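J.: Data file coords_1.txt (compact mmCIF, C-alpha atoms and all ligand atoms) is appended below.
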```
# COMPACT_ATOMS: atom_id res chain seq x y z
CA MET F 27 43.28 -31.14 -18.80
CA ASN F 28 41.54 -27.77 -18.68
CA LYS F 29 39.38 -26.20 -21.38
CA LEU F 30 42.20 -24.14 -22.83
CA HIS F 31 44.44 -27.18 -23.19
CA GLN F 32 41.56 -29.13 -24.74
CA HIS F 33 40.93 -26.31 -27.20
CA LEU F 34 44.62 -26.16 -28.10
CA ILE F 35 44.83 -29.90 -28.56
CA ASN F 36 41.72 -29.87 -30.74
CA SER F 37 43.26 -27.24 -32.96
CA ILE F 38 46.30 -29.39 -33.69
CA PRO F 39 46.11 -31.40 -36.91
CA LYS F 40 44.66 -34.91 -36.58
CA GLU F 41 47.83 -36.65 -37.71
CA THR F 42 49.58 -35.53 -34.54
CA LYS F 43 47.20 -37.31 -32.19
CA SER F 44 49.96 -38.77 -30.05
CA ILE F 45 50.37 -35.52 -28.18
CA LYS F 46 49.54 -35.52 -24.50
CA VAL F 47 49.58 -32.46 -22.35
CA ARG F 48 50.08 -33.36 -18.73
CA PHE F 49 52.37 -32.16 -16.01
CA SER F 50 53.43 -34.76 -13.52
CA TYR F 51 56.87 -36.23 -13.13
CA ASP F 52 55.42 -39.48 -11.84
CA ALA F 53 53.12 -39.77 -14.80
CA MET F 54 56.04 -39.05 -17.07
CA LEU F 55 57.88 -42.01 -15.59
CA ARG F 56 54.81 -44.24 -15.40
CA HIS F 57 53.51 -43.64 -18.92
CA GLY F 58 57.08 -43.61 -19.69
CA PHE F 59 59.11 -44.48 -22.62
CA SER F 60 59.66 -47.92 -23.99
CA LEU F 61 62.53 -46.32 -25.85
CA LEU F 62 66.03 -46.67 -24.56
CA GLN F 63 67.25 -43.45 -26.08
CA LEU F 64 65.54 -40.13 -25.83
CA GLN F 65 65.79 -36.75 -27.51
CA TRP F 66 64.26 -34.14 -25.23
CA LEU F 67 63.31 -30.54 -25.98
CA SER F 68 62.59 -28.27 -23.05
CA VAL F 69 61.03 -24.87 -23.68
CA GLY F 70 61.32 -22.14 -21.04
CA PRO F 71 63.17 -24.04 -18.29
CA ALA F 72 64.40 -20.80 -16.66
CA GLU F 73 67.37 -22.04 -14.60
CA GLY F 74 66.43 -25.67 -15.19
CA ASP F 75 65.48 -26.74 -11.66
CA ARG F 76 62.62 -28.95 -12.83
CA GLU F 77 64.77 -30.48 -15.54
CA THR F 78 67.41 -31.30 -12.93
CA GLU F 79 64.76 -33.04 -10.87
CA ILE F 80 63.45 -35.01 -13.84
CA LEU F 81 67.00 -36.02 -14.75
CA ARG F 82 67.50 -37.23 -11.20
CA LEU F 83 64.25 -39.25 -11.37
CA PHE F 84 65.16 -40.74 -14.72
CA ALA F 85 68.59 -41.67 -13.35
CA SER F 86 67.10 -43.49 -10.36
CA HIS F 87 64.00 -45.08 -12.00
CA ARG F 88 65.15 -45.62 -15.55
CA PRO F 89 68.90 -46.17 -15.53
CA ASP F 90 68.48 -48.06 -18.82
CA LEU F 91 67.24 -44.94 -20.55
CA LYS F 92 69.87 -42.73 -22.13
CA ILE F 93 69.04 -39.11 -22.82
CA GLU F 94 71.04 -38.47 -25.95
CA LEU F 95 70.06 -34.86 -26.39
CA LEU F 96 68.50 -32.22 -24.17
CA GLU F 97 67.85 -29.10 -26.19
CA ILE F 98 66.69 -25.94 -24.49
CA TYR F 99 64.96 -22.81 -25.75
CA GLU F 100 64.95 -20.15 -23.04
CA LEU F 101 64.44 -16.52 -23.92
CA SER F 102 66.11 -15.17 -20.78
CA LYS F 103 69.84 -14.87 -21.47
CA ASP F 104 70.52 -14.55 -17.73
CA ASP F 105 68.76 -17.83 -17.02
CA CYS F 106 70.70 -19.43 -19.86
CA SER F 107 74.01 -18.31 -18.31
CA VAL F 108 73.02 -19.84 -14.97
CA LEU F 109 71.90 -22.98 -16.73
CA ARG F 110 75.14 -23.32 -18.67
CA ARG F 111 77.11 -23.04 -15.40
CA LYS F 112 74.84 -25.67 -13.86
CA VAL F 113 75.52 -28.01 -16.76
CA ASP F 114 79.28 -27.46 -16.48
CA LYS F 115 79.26 -28.05 -12.72
CA SER F 116 77.22 -31.22 -13.10
CA ARG F 117 79.60 -32.51 -15.75
CA GLU F 118 82.63 -31.71 -13.57
CA ALA F 119 81.08 -33.43 -10.56
CA GLN F 120 79.64 -36.31 -12.62
CA ASP F 121 76.58 -36.00 -10.42
CA GLY F 122 74.28 -38.01 -12.67
CA THR F 123 71.95 -35.17 -13.61
CA TRP F 124 73.11 -33.00 -16.53
CA SER F 125 76.31 -35.00 -16.65
CA SER F 126 74.30 -38.04 -17.72
CA VAL F 127 72.98 -36.35 -20.86
CA GLY F 128 74.83 -37.02 -24.09
CA GLU F 129 74.53 -33.50 -25.47
CA VAL F 130 73.02 -30.38 -23.91
CA VAL F 131 72.23 -27.51 -26.28
CA VAL F 132 71.12 -24.22 -24.74
CA ASN F 133 69.53 -21.82 -27.23
CA ASP F 134 69.15 -18.44 -25.55
CA LYS F 135 66.19 -17.50 -27.69
CA GLU F 136 62.45 -17.71 -27.88
CA LEU F 137 60.75 -20.71 -29.39
CA LEU F 138 58.38 -19.25 -31.96
CA PRO F 139 55.89 -20.78 -34.39
CA ASP F 140 58.48 -20.48 -37.16
CA THR F 141 61.62 -21.46 -35.22
CA GLU F 142 63.44 -24.15 -37.17
CA MET F 143 64.43 -26.97 -34.89
CA GLY F 144 67.23 -29.37 -35.58
CA SER F 145 65.81 -32.64 -34.30
CA ARG F 146 62.81 -34.89 -33.87
CA TYR F 147 61.98 -35.06 -30.20
CA ASP F 148 60.64 -37.96 -28.14
CA LEU F 149 59.77 -35.69 -25.25
CA VAL F 150 58.89 -31.98 -25.26
CA THR F 151 58.27 -30.19 -21.98
CA LEU F 152 56.81 -26.73 -21.49
CA MET F 153 56.47 -26.50 -17.74
CA HIS F 154 54.58 -23.39 -16.67
CA VAL F 155 55.29 -21.85 -20.05
CA THR F 156 52.26 -22.18 -22.30
CA TYR F 157 50.45 -19.22 -20.75
CA TYR F 158 53.37 -16.98 -21.73
CA LEU F 159 53.12 -17.82 -25.42
CA PRO F 160 51.33 -15.14 -27.45
CA ASP F 161 50.70 -17.61 -30.28
CA ARG F 162 50.28 -20.89 -28.42
CA VAL F 163 48.63 -22.74 -31.25
CA GLY F 164 51.45 -21.74 -33.61
CA VAL F 165 54.10 -22.94 -31.16
CA PHE F 166 52.18 -26.17 -30.49
CA LYS F 167 51.91 -26.85 -34.21
CA ASN F 168 55.62 -26.24 -34.63
CA ILE F 169 56.39 -28.66 -31.81
CA ALA F 170 53.91 -31.20 -33.17
CA GLY F 171 55.72 -31.09 -36.49
CA ASN F 172 58.99 -31.86 -34.73
CA LEU F 173 57.87 -34.82 -32.61
CA ALA F 174 59.36 -38.20 -33.33
CA PRO F 175 56.82 -40.98 -33.89
CA GLY F 176 55.21 -41.64 -30.50
CA GLY F 177 56.74 -38.45 -29.13
CA LYS F 178 55.07 -36.82 -26.15
CA MET F 179 54.53 -33.21 -25.19
CA TRP F 180 54.08 -32.45 -21.48
C1 LIG I 1 57.14 -19.23 -15.26
S1 LIG I 1 58.69 -19.53 -15.97
C2 LIG I 1 58.76 -21.30 -15.81
C3 LIG I 1 60.16 -21.75 -15.56
C4 LIG I 1 60.31 -23.26 -15.34
N1 LIG I 1 59.88 -24.00 -16.50
C5 LIG I 1 59.56 -23.73 -14.13
O1 LIG I 1 58.61 -24.48 -14.29
O2 LIG I 1 59.93 -23.33 -13.02
C6 LIG I 1 58.46 -19.32 -17.72
C7 LIG I 1 59.75 -19.36 -18.52
O3 LIG I 1 59.46 -19.48 -19.90
C8 LIG I 1 60.34 -18.66 -20.64
N2 LIG I 1 59.68 -18.45 -21.93
C9 LIG I 1 58.47 -17.88 -22.14
N3 LIG I 1 58.15 -17.94 -23.45
C10 LIG I 1 59.15 -18.58 -24.07
C11 LIG I 1 59.40 -18.96 -25.43
N4 LIG I 1 58.54 -18.69 -26.41
N5 LIG I 1 60.56 -19.59 -25.72
C12 LIG I 1 61.44 -19.87 -24.73
N6 LIG I 1 61.26 -19.54 -23.45
C13 LIG I 1 60.14 -18.90 -23.11
C14 LIG I 1 60.54 -17.46 -19.74
O4 LIG I 1 61.73 -16.75 -20.05
C15 LIG I 1 60.60 -18.12 -18.36
O5 LIG I 1 61.90 -18.49 -18.00
```
Could you render the structure as structure tokens?

T.:
Amino acid sequence: MNKLHQHLINSIPKETKSIKVRFSYDAMLRHGFSLLQLQWLSVGPAEGDRETEILRLFASHRPDLKIELLEIYELSKDDCSVLRRKVDKSREAQDGTWSSVGEVVVNDKELLPDTEMGSRYDLVTLMHVTYYLPDRVGVFKNIAGNLAPGGKMW
């Protein structure tokens, strides 16, 4: 964890201590989830290549784990169109990536400090995104307020 991440974490209210910021698929699987059902929020996935890879890993290492919801906030409408096609193709082909997710919601808008989210998430990923956020602390606080108990931010 670098100094900026540490500073951001320190500025998050104490009651949301369960947050971890780390970026490693292996670690994600190792530290894992004792849960069997997961609600996942991904911010800024672009075309969703990393999410596809994580879904593939989950499918092979944690077949018991069901991703009920994968909700996306991606401000690029073009990326969202590509992503929606990817989801449709995966569902058609039943290829075990996006097709394995209960519900995929693609919001083609920016996640902001005051964006109202519809769920409590067990996993929140912001992969190569935090340095694009003008108000990182605001966005982190928003996410922290929408984590399920034991929820993790990566
Ligand atoms: C460097 S790309 C990373 C893409 C992908 N996560 C990856 O790791 O390859 C950053 C992405 O974050 C998106 N983004 C930046 N700020 C955002 C915000 N506040 N809400 C949603 N998406 C955002 C950009 O549109 C872009 O697609």

J.: With only C-alpha atoms and all ligand atoms counted, collect every polymer residue having an atom within 7 Å of ligand LIG 1 (chain I); state the result as a list in words.

T.: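 Answer in the requested format: Val69, Gly70, Pro71, Ala72, Gly74, Asp75, Arg76, Tyr99, Glu100, Leu101, Ser102, Asp105, Lys135, Glu136, Leu137, Leu138, Leu152, Met153, His154, Val155, Tyr158 and Leu159 of chain F.
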
J.: Which one is closest to Glu142 (chain F): F:Leu62, F:Val113, F:Ser125, F:Val165? Count all atoms listed in the file.

T.: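 Of the candidates, the smallest distance to Glu142 (chain F) is held by F:Val165.
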
J.: Which is closer to Glu129 (chain F) than all the others in F:Arg162, F:Lys178, F:Lys92, F:Lys167, using only C-alpha atoms?

T.: F:Lys92

J.: Please provide the set of residues having any atom within 8 Å of Thr151 (chain F), restricted to only C-alpha atoms, with same-chain residues fewer than 4 positions apart removed, written as a list in words.

T.: Trp66, Leu67, Ser68, Val69, Met179 and Trp180 of chain F

J.: For Ser107 (chain F), which residue out of F:Thr156, F:Asn172, F:Glu73, F:Gln65 is the nearest one, using all atoms listed in the file?

T.: F:Glu73

J.: Neighbouring residues of Ser116 (chain F) were defined as those with any atom within 12 Å, considering all atoms listed in the file; residues of the same chain fewer than 3 positions away were excluded. Please report them as a list of chain:residue names.

T.: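 Those residues are F:Thr78, F:Leu81, F:Arg82, F:Leu109, F:Arg110, F:Arg111, F:Lys112, F:Val113, F:Ala119, F:Gln120, F:Asp121, F:Gly122, F:Thr123, F:Trp124, F:Ser125, F:Ser126, F:Val127, F:Val130.
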
J.: What is the CA of Asp161 (chain F) to CA of Asp140 (chain F) distance in Å?

T.: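 CA of Asp140 (chain F) lies 10.8 Å from CA of Asp161 (chain F).
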
J.: Counting all atoms listed in the file, what is within 12 Å of Leu91 (chain F), bar same-chain residues fewer than 5 positions away, as a ChimeraX atom specification?

T.: /F:55,58-65,81,83-86,126-128

J.: Report the distance between CA of His87 (chain F) and CA of Glu118 (chain F) in Å, rounded to one decimal place.

T.: 23.0 Å

J.: May I have the residues within 12 Å of Gly144 (chain F) as number ranges by chain, using only C-alpha atoms and disregarding those fewer than 2 positions away in the same chain?

T.: F: 65-67, 95-98, 131, 133, 141-142, 146-147, 169, 171-173

J.: Calculate how many Å separate CA of Arg88 (chain F) from CA of Asn168 (chain F), rounding to one decimal.

T.: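 Between CA of Arg88 (chain F) and CA of Asn168 (chain F) the gap works out to 28.8 Å.
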